[in-house]
Structures are given as structure tokens and as C-alpha cells.
file target_24.cif (mmCIF, C-alpha atoms)
data_start
#
loop_
_atom_site.label_atom_id
_atom_site.label_comp_id
_atom_site.auth_asym_id
_atom_site.auth_seq_id
_atom_site.Cartn_x
_atom_site.Cartn_y
_atom_site.Cartn_z
CA MET A 1 0.00 0.00 0.00
CA THR A 2 1.48 3.34 -1.08
CA GLU A 3 -0.48 5.42 1.42
CA ASP A 4 2.25 7.77 2.67
CA THR A 5 0.48 11.14 2.49
CA SER A 6 3.80 12.99 2.77
CA SER A 7 5.14 11.21 -0.29
CA SER A 8 6.09 13.41 -3.18
CA LEU A 9 5.50 10.56 -5.63
CA GLU A 10 2.75 11.30 -8.11
CA ALA A 11 -0.23 8.98 -8.17
CA ASP A 12 -0.23 6.75 -11.25
CA VAL A 13 -3.08 4.33 -11.91
CA PHE A 14 -0.90 2.49 -14.42
CA ALA A 15 1.48 1.38 -11.64
CA ARG A 16 0.22 -1.84 -10.10
CA ASP A 17 0.92 -0.87 -6.48
CA CYS A 18 -0.34 2.71 -6.57
CA SER A 19 -3.40 2.99 -4.38
CA SER A 20 -4.97 5.43 -6.85
CA ARG A 21 -5.70 2.31 -8.91
CA GLU A 22 -7.65 0.83 -6.01
CA THR A 23 -9.57 4.11 -5.54
CA LEU A 24 -10.35 4.24 -9.26
CA GLN A 25 -11.65 0.69 -9.05
CA GLY A 26 -13.89 1.52 -6.08
CA ILE A 27 -15.39 4.40 -8.06
CA THR A 28 -15.82 2.44 -11.26
CA GLY A 29 -16.75 -0.90 -9.72
CA ARG A 30 -19.95 -2.72 -10.57
CA TRP A 31 -22.02 -0.68 -8.07
CA GLY A 32 -19.80 2.30 -7.26
CA ILE A 33 -20.34 3.92 -10.64
CA LEU A 34 -24.13 3.57 -10.44
CA VAL A 35 -24.31 4.78 -6.82
CA LEU A 36 -22.20 7.87 -7.59
CA ALA A 37 -24.19 8.63 -10.75
CA ALA A 38 -27.47 8.27 -8.79
CA LEU A 39 -26.22 10.62 -6.04
CA GLY A 40 -25.35 13.04 -8.84
CA GLU A 41 -29.13 13.50 -9.11
CA GLY A 42 -29.36 14.58 -5.44
CA SER A 43 -29.53 13.14 -1.91
CA TYR A 44 -30.82 9.64 -1.45
CA ARG A 45 -31.89 7.57 1.52
CA PHE A 46 -30.75 3.96 1.59
CA SER A 47 -34.01 2.36 0.48
CA ALA A 48 -34.63 4.86 -2.34
CA LEU A 49 -31.06 4.43 -3.55
CA ARG A 50 -31.55 0.68 -3.57
CA ARG A 51 -34.61 1.09 -5.79
CA ARG A 52 -32.72 3.48 -8.11
CA VAL A 53 -29.72 1.16 -8.51
CA ASP A 54 -31.86 -1.70 -9.75
CA GLY A 55 -30.52 -5.15 -8.85
CA VAL A 56 -28.13 -4.24 -6.03
CA SER A 57 -28.45 -6.30 -2.86
CA GLU A 58 -28.74 -4.66 0.54
CA ARG A 59 -25.35 -6.05 1.51
CA MET A 60 -23.56 -4.87 -1.66
CA LEU A 61 -25.12 -1.41 -1.46
CA SER A 62 -24.06 -1.12 2.16
CA GLN A 63 -20.47 -2.18 1.37
CA THR A 64 -20.30 0.17 -1.62
CA LEU A 65 -21.53 3.13 0.45
CA GLN A 66 -19.01 2.41 3.21
CA SER A 67 -16.15 2.23 0.74
CA LEU A 68 -17.20 5.46 -1.01
CA GLU A 69 -17.58 7.22 2.35
CA ARG A 70 -14.13 6.02 3.43
CA ASP A 71 -12.57 7.38 0.23
CA GLY A 72 -14.25 10.77 0.77
CA MET A 73 -16.68 10.56 -2.16
CA ILE A 74 -19.92 10.67 -0.17
CA THR A 75 -21.22 11.77 3.23
CA ARG A 76 -23.61 9.85 5.45
CA THR A 77 -25.91 12.02 7.59
CA VAL A 78 -28.18 10.68 10.32
CA LEU A 79 -31.30 12.86 10.52
CA GLU A 80 -33.11 13.03 13.86
CA ALA A 81 -36.43 11.37 13.36
CA ILE A 82 -38.33 8.37 14.64
CA PRO A 83 -37.16 6.05 13.20
CA PRO A 84 -33.82 7.81 12.42
CA LYS A 85 -33.27 8.58 8.74
CA VAL A 86 -29.93 8.26 7.01
CA GLU A 87 -29.16 10.35 3.97
CA TYR A 88 -26.30 10.05 1.49
CA ASP A 89 -24.82 12.94 -0.50
CA LEU A 90 -21.82 13.59 -2.71
CA THR A 91 -18.82 15.48 -1.29
CA PRO A 92 -17.26 18.14 -3.57
CA LEU A 93 -14.73 15.50 -4.73
CA GLY A 94 -17.56 12.98 -5.23
CA ARG A 95 -19.35 15.59 -7.35
CA GLU A 96 -16.29 16.00 -9.60
CA VAL A 97 -16.10 12.24 -10.02
CA ALA A 98 -19.87 11.81 -10.52
CA ASP A 99 -19.98 14.50 -13.23
CA ARG A 100 -17.39 12.55 -15.20
CA LEU A 101 -19.16 9.25 -14.65
CA VAL A 102 -22.47 10.71 -15.83
CA GLY A 103 -20.72 12.00 -18.97
CA LEU A 104 -19.35 8.52 -19.57
CA ILE A 105 -22.73 6.87 -19.02
CA GLU A 106 -24.34 9.29 -21.50
CA VAL A 107 -21.78 8.37 -24.18
CA VAL A 108 -22.43 4.66 -23.62
CA GLN A 109 -26.23 4.93 -23.51
CA SER A 110 -26.45 7.05 -26.63
CA ASN A 111 -24.17 4.75 -28.64
CA MET A 112 -25.66 1.35 -27.82
CA GLY A 113 -26.88 1.04 -31.44
CA ASP A 114 -23.25 1.13 -32.61
CA VAL A 115 -22.26 -1.32 -29.88
CA TYR A 116 -24.93 -3.84 -30.95
CA ALA A 117 -23.94 -3.47 -34.62
CA SER A 118 -20.30 -4.04 -33.74
CA ARG A 119 -21.17 -7.16 -31.73
CA ASP A 120 -23.18 -8.56 -34.65
CA ARG A 121 -20.24 -8.04 -37.01
CA TYR A 122 -17.78 -9.56 -34.54
CA ASP A 123 -19.94 -12.61 -33.78
CA SER A 124 -20.66 -13.37 -37.44
CA ARG A 125 -17.11 -13.41 -38.73
CA MET B 1 -30.39 -9.57 -23.11
CA THR B 2 -32.00 -6.41 -24.52
CA GLU B 3 -30.10 -6.48 -27.80
CA ASP B 4 -32.86 -5.67 -30.27
CA THR B 5 -31.25 -2.93 -32.35
CA SER B 6 -34.63 -1.89 -33.76
CA SER B 7 -35.98 -1.31 -30.25
CA SER B 8 -37.13 2.19 -29.51
CA LEU B 9 -36.46 1.69 -25.81
CA GLU B 10 -33.82 4.01 -24.48
CA ALA B 11 -30.73 2.47 -22.95
CA ASP B 12 -30.67 2.85 -19.17
CA VAL B 13 -27.71 1.65 -17.12
CA PHE B 14 -29.85 1.85 -13.98
CA ALA B 15 -32.10 -0.95 -15.26
CA ARG B 16 -30.67 -4.31 -14.27
CA ASP B 17 -31.33 -6.05 -17.60
CA CYS B 18 -30.27 -3.26 -19.95
CA SER B 19 -27.18 -4.36 -21.83
CA SER B 20 -25.79 -0.83 -21.65
CA ARG B 21 -24.94 -1.73 -18.05
CA GLU B 22 -22.86 -4.66 -19.25
CA THR B 23 -21.10 -2.46 -21.83
CA LEU B 24 -20.39 0.16 -19.17
CA GLN B 25 -18.90 -2.55 -16.97
CA GLY B 26 -16.66 -3.81 -19.77
CA ILE B 27 -15.35 -0.28 -20.26
CA THR B 28 -14.87 0.43 -16.58
CA GLY B 29 -13.76 -3.02 -15.49
CA ARG B 30 -10.48 -3.66 -13.70
CA TRP B 31 -8.49 -3.73 -16.97
CA GLY B 32 -10.83 -2.15 -19.54
CA ILE B 33 -10.45 1.33 -18.12
CA LEU B 34 -6.62 1.13 -18.11
CA VAL B 35 -6.45 -0.40 -21.61
CA LEU B 36 -8.72 2.31 -23.06
CA ALA B 37 -6.82 5.08 -21.26
CA ALA B 38 -3.50 3.67 -22.54
CA LEU B 39 -4.81 3.51 -26.13
CA GLY B 40 -5.86 7.15 -25.64
CA GLU B 41 -2.10 7.84 -25.84
CA GLY B 42 -1.84 6.21 -29.27
CA SER B 43 -1.56 2.78 -30.95
CA TYR B 44 -0.08 -0.06 -28.97
CA ARG B 45 1.15 -3.53 -29.81
CA PHE B 46 0.19 -6.30 -27.42
CA SER B 47 3.50 -6.60 -25.59
CA ALA B 48 3.94 -2.83 -25.19
CA LEU B 49 0.37 -2.52 -23.94
CA ARG B 50 1.04 -5.26 -21.42
CA ARG B 51 4.03 -3.32 -20.11
CA ARG B 52 1.99 -0.09 -19.95
CA VAL B 53 -0.89 -1.69 -18.03
CA ASP B 54 1.36 -2.87 -15.23
CA GLY B 55 0.22 -6.08 -13.57
CA VAL B 56 -2.17 -7.42 -16.23
CA SER B 57 -1.68 -11.06 -17.22
CA GLU B 58 -1.40 -12.10 -20.85
CA ARG B 59 -4.71 -13.93 -20.57
CA MET B 60 -6.62 -11.04 -18.98
CA LEU B 61 -5.23 -8.53 -21.48
CA SER B 62 -6.23 -10.79 -24.33
CA GLN B 63 -9.78 -11.22 -22.97
CA THR B 64 -10.11 -7.49 -22.31
CA LEU B 65 -9.00 -6.61 -25.86
CA GLN B 66 -11.43 -9.11 -27.39
CA SER B 67 -14.32 -7.73 -25.38
CA LEU B 68 -13.46 -4.11 -26.25
CA GLU B 69 -13.11 -5.04 -29.93
CA ARG B 70 -16.47 -6.84 -29.88
CA ASP B 71 -18.16 -3.75 -28.39
CA GLY B 72 -16.64 -1.52 -31.07
CA MET B 73 -14.27 0.41 -28.80
CA ILE B 74 -10.99 -0.68 -30.41
CA THR B 75 -9.69 -2.08 -33.68
CA ARG B 76 -7.16 -4.86 -34.10
CA THR B 77 -4.93 -4.59 -37.16
CA VAL B 78 -2.55 -7.30 -38.35
CA LEU B 79 0.47 -5.69 -40.01
CA GLU B 80 2.32 -7.72 -42.64
CA ALA B 81 5.73 -8.47 -41.22
CA ILE B 82 7.76 -11.46 -40.18
CA PRO B 83 6.68 -12.26 -37.53
CA PRO B 84 3.26 -10.56 -38.08
CA LYS B 85 2.62 -7.56 -35.87
CA VAL B 86 -0.74 -6.79 -34.31
CA GLU B 87 -1.67 -3.24 -33.44
CA TYR B 88 -4.56 -1.94 -31.36
CA ASP B 89 -6.22 1.47 -31.79
CA LEU B 90 -9.29 3.28 -30.52
CA THR B 91 -12.34 3.59 -32.77
CA PRO B 92 -14.08 7.01 -32.84
CA LEU B 93 -16.49 5.69 -30.16
CA GLY B 94 -13.56 4.30 -28.15
CA ARG B 95 -11.94 7.73 -28.36
CA GLU B 96 -15.04 9.39 -26.89
CA VAL B 97 -15.07 6.88 -24.07
CA ALA B 98 -11.30 7.07 -23.48
CA ASP B 99 -11.37 10.89 -23.27
CA ARG B 100 -13.89 10.63 -20.44
CA LEU B 101 -11.95 7.89 -18.68
CA VAL B 102 -8.74 9.94 -18.85
CA GLY B 103 -10.61 12.90 -17.34
CA LEU B 104 -11.83 10.65 -14.54
CA ILE B 105 -8.35 9.23 -13.92
CA GLU B 106 -6.92 12.76 -13.71
CA VAL B 107 -9.47 13.74 -11.06
CA VAL B 108 -8.62 10.65 -9.01
CA GLN B 109 -4.85 10.97 -9.35
CA SER B 110 -4.79 14.65 -8.45
CA ASN B 111 -6.98 14.15 -5.37
CA MET B 112 -5.32 11.17 -3.73
CA GLY B 113 -4.15 13.41 -0.86
CA ASP B 114 -7.81 14.08 0.02
CA VAL B 115 -8.62 10.39 -0.36
CA TYR B 116 -5.86 9.37 2.09
CA ALA B 117 -6.93 12.06 4.57
CA SER B 118 -10.52 10.86 4.36
CA ARG B 119 -9.46 7.23 4.94
CA ASP B 120 -7.44 8.26 8.01
CA ARG B 121 -10.44 10.08 9.48
CA TYR B 122 -12.77 7.17 8.70
CA ASP B 123 -10.46 4.51 10.13
CA SER B 124 -9.75 6.44 13.36
CA ARG B 125 -13.33 7.10 14.41
#

call {"tool": "encode", "arguments": {"input": "target_24.cif", "output": "C-alpha cells"}}
result
Amino acid sequence: MTEDTSSSLEADVFARDCSSRETLQGITGRWGILVLAALGEGSYRFSALRRRVDGVSERMLSQTLQSLERDGMITRTVLEAIPPKVEYDLTPLGREVADRLVGLIEVVQSNMGDVYASRDRYDSR
Amino acid sequence: MTEDTSSSLEADVFARDCSSRETLQGITGRWGILVLAALGEGSYRFSALRRRVDGVSERMLSQTLQSLERDGMITRTVLEAIPPKVEYDLTPLGREVADRLVGLIEVVQSNMGDVYASRDRYDSR
């Protein structure tokens, strides 16, 4: 783990031991990317977020949120209520990341026709 | 699989069965993101790409390249030579995707100090 904060070494995701690679993978993992993109729409409570990120299990969503909170991408706020409510939001850094993920998702979604056509060509050769 | 190219349904990565989610995961998977970002720098041959994407096995790189080629993100060109040389390049769609991935990587790399500080706070509470 290259986690010496006083290090003058630059982060490099191409280097196998750089922990920026691990952070990148948390952000772009199976659920991280969808959770961050959803929170880009605004605050979510756990149950609403689970409905938005269709298919995620309670356990995976919980793990993903913990990992994103640990890396400083999201905040978890307990609101005083009976029963207590927990709300998740992006941090400023999470917002920067989410904006880029949403841009990426838009490119993918709007080009799925090309992707399908490419798959057909590939599979039929 | 929702792969009907004539479908008028919009792609939605938040829907569990939409194949845009699978495409997004191929692009942002452990090796896909690094391979696309590397090819954003220019053409690569297999062995040079394997050196650039530090830590990837021959088998995983080969699988990643096949999947990206199938989805229309990269091209594979066999150059006449003895022995034959194989070169990988981004397609125009792959370029759009890679530009966004490189932007994302830059945000992560330049904010690792904040990420480490956040982890320290999280782990010490």
C-alpha cells in the first residue's frame, strides 16, 4: 500500500501498487459507478437508492456506500427522526467524479446502437 | 439480453437487464479502463500494452482486448511483417469513451491526498 500522504510521488493508476488504482476501481466498480451517478441527481436515503440502482443487494449497497464514504466521495448524515433517517450525498470530490461518470454513461447509452452493430459483425465473422 | 437494435427503448444503465450496463462494466472493469486510457495515448502492440498496463496477465489482457473489440471500442490490425505484428487502436467511439476515462483518472490521481486524509479520518473514528 502506497499510502504515505507525505510522499512526493505522483499517483499513477498504471502502476500496479499505486493505491490510486484501487480508488479508481472503487469508483468504477460494478455498483460504485451507479451509486455515484445516482447521487449526482441529489440526496438519497438507503431504500430509495436501492430502488434506483436496480438489482443491487442490501449487503452490496451497504459495502459500496461504506467504501465510497471512506474514500471521501460521499457523506452519510443521520437525521433526527423516529425512526432515524440516514441520507447520502456527494462530497465536492464525489461531485467531480460523478460528473465525469455521468458523462461517460451518457456516451455509452447514446451509442448502444453502434455497440450492438459491432457485436453482430464480430460474432458473425 | 436487450439487444434488439430496432428497439425504440432508451438504454438505461440503472435498469438491471439493460445491456448498456454490461457495456459500461466492460469499459470500466479492472483492466478495460486502463487499456482504453492507454490507447488514448496512441496505438499499442500487445506486448507494449502489457508493459503499460502494469500487472495485467497475458490472458486477462487478451480477454479485455477481445471484449473491447467486440463492443466496437478498439480495432485490431494485423500488419504484414515477419513475424506478423498486431496493433490496437481506438475507434471514434472508443476515443469518446477514453477521453472521459482519462478525465476521470486525472481527477482521481490529483486528489489522492484528500482520499488518504478521508481514509485516516474514517479509520480512526

call {"tool": "interface_residues", "arguments": {"input": "target_24.cif", "of": "chain A", "to": "chain B", "cutoff": "8 Å", "atoms": "only C-alpha atoms", "output": "PDB file with C-alpha atoms, keeping the file's coordinate frame"}}
result
ATOM      1  CA  GLU A   3      -0.480   5.420   1.420  1.00  0.00           C
ATOM      2  CA  THR A   5       0.480  11.140   2.490  1.00  0.00           C
ATOM      3  CA  GLU A  10       2.750  11.300  -8.110  1.00  0.00           C
ATOM      4  CA  ALA A  11      -0.230   8.980  -8.170  1.00  0.00           C
ATOM      5  CA  ASP A  12      -0.230   6.750 -11.250  1.00  0.00           C
ATOM      6  CA  VAL A  13      -3.080   4.330 -11.910  1.00  0.00           C
ATOM      7  CA  PHE A  14      -0.900   2.490 -14.420  1.00  0.00           C
ATOM      8  CA  ALA A  15       1.480   1.380 -11.640  1.00  0.00           C
ATOM      9  CA  ARG A  16       0.220  -1.840 -10.100  1.00  0.00           C
ATOM     10  CA  SER A  20      -4.970   5.430  -6.850  1.00  0.00           C
ATOM     11  CA  THR A  23      -9.570   4.110  -5.540  1.00  0.00           C
ATOM     12  CA  LEU A  24     -10.350   4.240  -9.260  1.00  0.00           C
ATOM     13  CA  GLN A  25     -11.650   0.690  -9.050  1.00  0.00           C
ATOM     14  CA  THR A  28     -15.820   2.440 -11.260  1.00  0.00           C
ATOM     15  CA  GLY A  29     -16.750  -0.900  -9.720  1.00  0.00           C
ATOM     16  CA  ARG A  30     -19.950  -2.720 -10.570  1.00  0.00           C
ATOM     17  CA  LEU A  34     -24.130   3.570 -10.440  1.00  0.00           C
ATOM     18  CA  ARG A  52     -32.720   3.480  -8.110  1.00  0.00           C
ATOM     19  CA  VAL A  53     -29.720   1.160  -8.510  1.00  0.00           C
ATOM     20  CA  ASP A  54     -31.860  -1.700  -9.750  1.00  0.00           C
ATOM     21  CA  GLY A  55     -30.520  -5.150  -8.850  1.00  0.00           C
ATOM     22  CA  GLU A  69     -17.580   7.220   2.350  1.00  0.00           C
ATOM     23  CA  ARG A  70     -14.130   6.020   3.430  1.00  0.00           C
ATOM     24  CA  ASP A  71     -12.570   7.380   0.230  1.00  0.00           C
ATOM     25  CA  GLY A  72     -14.250  10.770   0.770  1.00  0.00           C
ATOM     26  CA  LEU A  93     -14.730  15.500  -4.730  1.00  0.00           C
ATOM     27  CA  GLU A  96     -16.290  16.000  -9.600  1.00  0.00           C
ATOM     28  CA  VAL A  97     -16.100  12.240 -10.020  1.00  0.00           C
ATOM     29  CA  ARG A 100     -17.390  12.550 -15.200  1.00  0.00           C
ATOM     30  CA  LEU A 101     -19.160   9.250 -14.650  1.00  0.00           C
ATOM     31  CA  GLY A 103     -20.720  12.000 -18.970  1.00  0.00           C
ATOM     32  CA  LEU A 104     -19.350   8.520 -19.570  1.00  0.00           C
ATOM     33  CA  ILE A 105     -22.730   6.870 -19.020  1.00  0.00           C
ATOM     34  CA  VAL A 107     -21.780   8.370 -24.180  1.00  0.00           C
ATOM     35  CA  VAL A 108     -22.430   4.660 -23.620  1.00  0.00           C
ATOM     36  CA  GLN A 109     -26.230   4.930 -23.510  1.00  0.00           C
ATOM     37  CA  SER A 110     -26.450   7.050 -26.630  1.00  0.00           C
ATOM     38  CA  ASN A 111     -24.170   4.750 -28.640  1.00  0.00           C
ATOM     39  CA  MET A 112     -25.660   1.350 -27.820  1.00  0.00           C
ATOM     40  CA  GLY A 113     -26.880   1.040 -31.440  1.00  0.00           C
ATOM     41  CA  ASP A 114     -23.250   1.130 -32.610  1.00  0.00           C
ATOM     42  CA  VAL A 115     -22.260  -1.320 -29.880  1.00  0.00           C
ATOM     43  CA  TYR A 116     -24.930  -3.840 -30.950  1.00  0.00           C
ATOM     44  CA  ALA A 117     -23.940  -3.470 -34.620  1.00  0.00           C
ATOM     45  CA  SER A 118     -20.300  -4.040 -33.740  1.00  0.00           C
ATOM     46  CA  ARG A 119     -21.170  -7.160 -31.730  1.00  0.00           C
ATOM     47  CA  TYR A 122     -17.780  -9.560 -34.540  1.00  0.00           C
ATOM     48  CA  ASP A 123     -19.940 -12.610 -33.780  1.00  0.00           C
TER      49      ASP A 123
END

call {"tool": "atom_distance", "arguments": {"input": "target_24.cif", "atom1": "atom CA of B:Ala81", "atom2": "atom CA of B:Tyr44"}}
result
16.0 Å

call {"tool": "closest_residue", "arguments": {"input": "target_24.cif", "among": "A:Leu39, A:Gly32, A:Thr64, A:Val78", "to": "A:Pro92", "atoms": "only C-alpha atoms"}}
result
A:Leu39

call {"tool": "resolve_selection", "arguments": {"input": "target_24.cif", "expression": "the PyMOL selection byres ((chain A and resi 86) around 12)", "output": "JSON, numbers by chain"}}
result
{"A": [43, 44, 45, 46, 47, 48, 49, 65, 75, 76, 77, 78, 79, 80, 81, 82, 83, 84, 85, 87, 88, 89]}

call {"tool": "atom_distance", "arguments": {"input": "target_24.cif", "atom1": "atom CA of B:Arg50", "atom2": "atom CA of B:Leu36"}}
result
12.5 Å

call {"tool": "atom_distance", "arguments": {"input": "target_24.cif", "atom1": "atom CA of A:Met60", "atom2": "atom CA of B:Gln63"}}
result
26.2 Å

call {"tool": "decode", "arguments": {"input": "target_24.cif", "residues": "stretch 78-104 of chain A", "atoms": "N, CA, C and O atoms", "output": "CSV table (one decimal), in the first residue's frame"}}
result
chain,number,residue,atom,x,y,z
A,78,VAL,N,-27.0,11.2,9.6
A,78,VAL,CA,-28.2,10.7,10.3
A,78,VAL,C,-29.1,11.8,10.7
A,78,VAL,O,-28.7,12.7,11.4
A,79,LEU,N,-30.3,11.8,10.2
A,79,LEU,CA,-31.3,12.9,10.5
A,79,LEU,C,-32.1,12.4,11.7
A,79,LEU,O,-32.6,11.3,11.8
A,80,GLU,N,-32.3,13.4,12.7
A,80,GLU,CA,-33.1,13.0,13.9
A,80,GLU,C,-34.6,12.9,13.5
A,80,GLU,O,-35.2,13.8,13.0
A,81,ALA,N,-35.0,11.7,13.7
A,81,ALA,CA,-36.4,11.4,13.4
A,81,ALA,C,-36.7,10.0,14.0
A,81,ALA,O,-35.8,9.3,14.5
A,82,ILE,N,-38.0,9.7,14.1
A,82,ILE,CA,-38.3,8.4,14.6
A,82,ILE,C,-39.1,7.6,13.6
A,82,ILE,O,-40.2,8.0,13.2
A,83,PRO,N,-38.5,6.5,13.0
A,83,PRO,CA,-37.2,6.1,13.2
A,83,PRO,C,-36.1,7.0,12.5
A,83,PRO,O,-36.5,7.7,11.6
A,84,PRO,N,-34.8,6.9,13.0
A,84,PRO,CA,-33.8,7.8,12.4
A,84,PRO,C,-33.7,7.6,10.9
A,84,PRO,O,-33.8,6.5,10.4
A,85,LYS,N,-33.4,8.7,10.2
A,85,LYS,CA,-33.3,8.6,8.7
A,85,LYS,C,-31.8,8.8,8.4
A,85,LYS,O,-31.2,9.7,9.0
A,86,VAL,N,-31.3,8.1,7.4
A,86,VAL,CA,-29.9,8.3,7.0
A,86,VAL,C,-29.9,8.7,5.6
A,86,VAL,O,-30.6,8.1,4.7
A,87,GLU,N,-29.2,9.8,5.3
A,87,GLU,CA,-29.2,10.3,4.0
A,87,GLU,C,-27.7,10.4,3.4
A,87,GLU,O,-26.8,10.7,4.2
A,88,TYR,N,-27.6,10.1,2.1
A,88,TYR,CA,-26.3,10.1,1.5
A,88,TYR,C,-26.2,11.2,0.5
A,88,TYR,O,-27.2,11.4,-0.3
A,89,ASP,N,-25.1,11.8,0.4
A,89,ASP,CA,-24.8,12.9,-0.5
A,89,ASP,C,-23.4,12.9,-1.0
A,89,ASP,O,-22.5,12.3,-0.4
A,90,LEU,N,-23.2,13.5,-2.2
A,90,LEU,CA,-21.8,13.6,-2.7
A,90,LEU,C,-21.0,14.6,-1.9
A,90,LEU,O,-21.6,15.7,-1.5
A,91,THR,N,-19.7,14.4,-1.7
A,91,THR,CA,-18.8,15.5,-1.3
A,91,THR,C,-18.4,16.3,-2.5
A,91,THR,O,-18.7,15.9,-3.7
A,92,PRO,N,-17.7,17.4,-2.4
A,92,PRO,CA,-17.3,18.1,-3.6
A,92,PRO,C,-16.4,17.2,-4.5
A,92,PRO,O,-16.6,17.3,-5.7
A,93,LEU,N,-15.5,16.4,-3.9
A,93,LEU,CA,-14.7,15.5,-4.7
A,93,LEU,C,-15.6,14.5,-5.4
A,93,LEU,O,-15.5,14.2,-6.6
A,94,GLY,N,-16.6,13.9,-4.7
A,94,GLY,CA,-17.6,13.0,-5.2
A,94,GLY,C,-18.3,13.6,-6.4
A,94,GLY,O,-18.6,12.9,-7.4
A,95,ARG,N,-18.6,14.9,-6.3
A,95,ARG,CA,-19.3,15.6,-7.3
A,95,ARG,C,-18.5,15.6,-8.6
A,95,ARG,O,-19.0,15.4,-9.7
A,96,GLU,N,-17.2,16.0,-8.4
A,96,GLU,CA,-16.3,16.0,-9.6
A,96,GLU,C,-16.2,14.6,-10.3
A,96,GLU,O,-16.3,14.6,-11.5
A,97,VAL,N,-16.2,13.6,-9.5
A,97,VAL,CA,-16.1,12.2,-10.0
A,97,VAL,C,-17.4,11.9,-10.7
A,97,VAL,O,-17.5,11.4,-11.8
A,98,ALA,N,-18.5,12.2,-10.0
A,98,ALA,CA,-19.9,11.8,-10.5
A,98,ALA,C,-20.1,12.5,-11.9
A,98,ALA,O,-20.7,11.9,-12.8
A,99,ASP,N,-19.8,13.8,-12.0
A,99,ASP,CA,-20.0,14.5,-13.2
A,99,ASP,C,-19.3,13.8,-14.4
A,99,ASP,O,-19.9,13.7,-15.5
A,100,ARG,N,-18.1,13.3,-14.1
A,100,ARG,CA,-17.4,12.5,-15.2
A,100,ARG,C,-18.0,11.2,-15.5
A,100,ARG,O,-18.1,10.7,-16.6
A,101,LEU,N,-18.5,10.5,-14.4
A,101,LEU,CA,-19.2,9.2,-14.7
A,101,LEU,C,-20.5,9.4,-15.4
A,101,LEU,O,-20.8,8.6,-16.3
A,102,VAL,N,-21.2,10.5,-15.1
A,102,VAL,CA,-22.5,10.7,-15.8
A,102,VAL,C,-22.2,11.0,-17.3
A,102,VAL,O,-22.9,10.5,-18.2
A,103,GLY,N,-21.1,11.7,-17.6
A,103,GLY,CA,-20.7,12.0,-19.0
A,103,GLY,C,-20.4,10.7,-19.7
A,103,GLY,O,-20.8,10.5,-20.8
A,104,LEU,N,-19.7,9.8,-19.0
A,104,LEU,CA,-19.3,8.5,-19.6
A,104,LEU,C,-20.6,7.7,-19.8
A,104,LEU,O,-20.7,7.1,-20.9
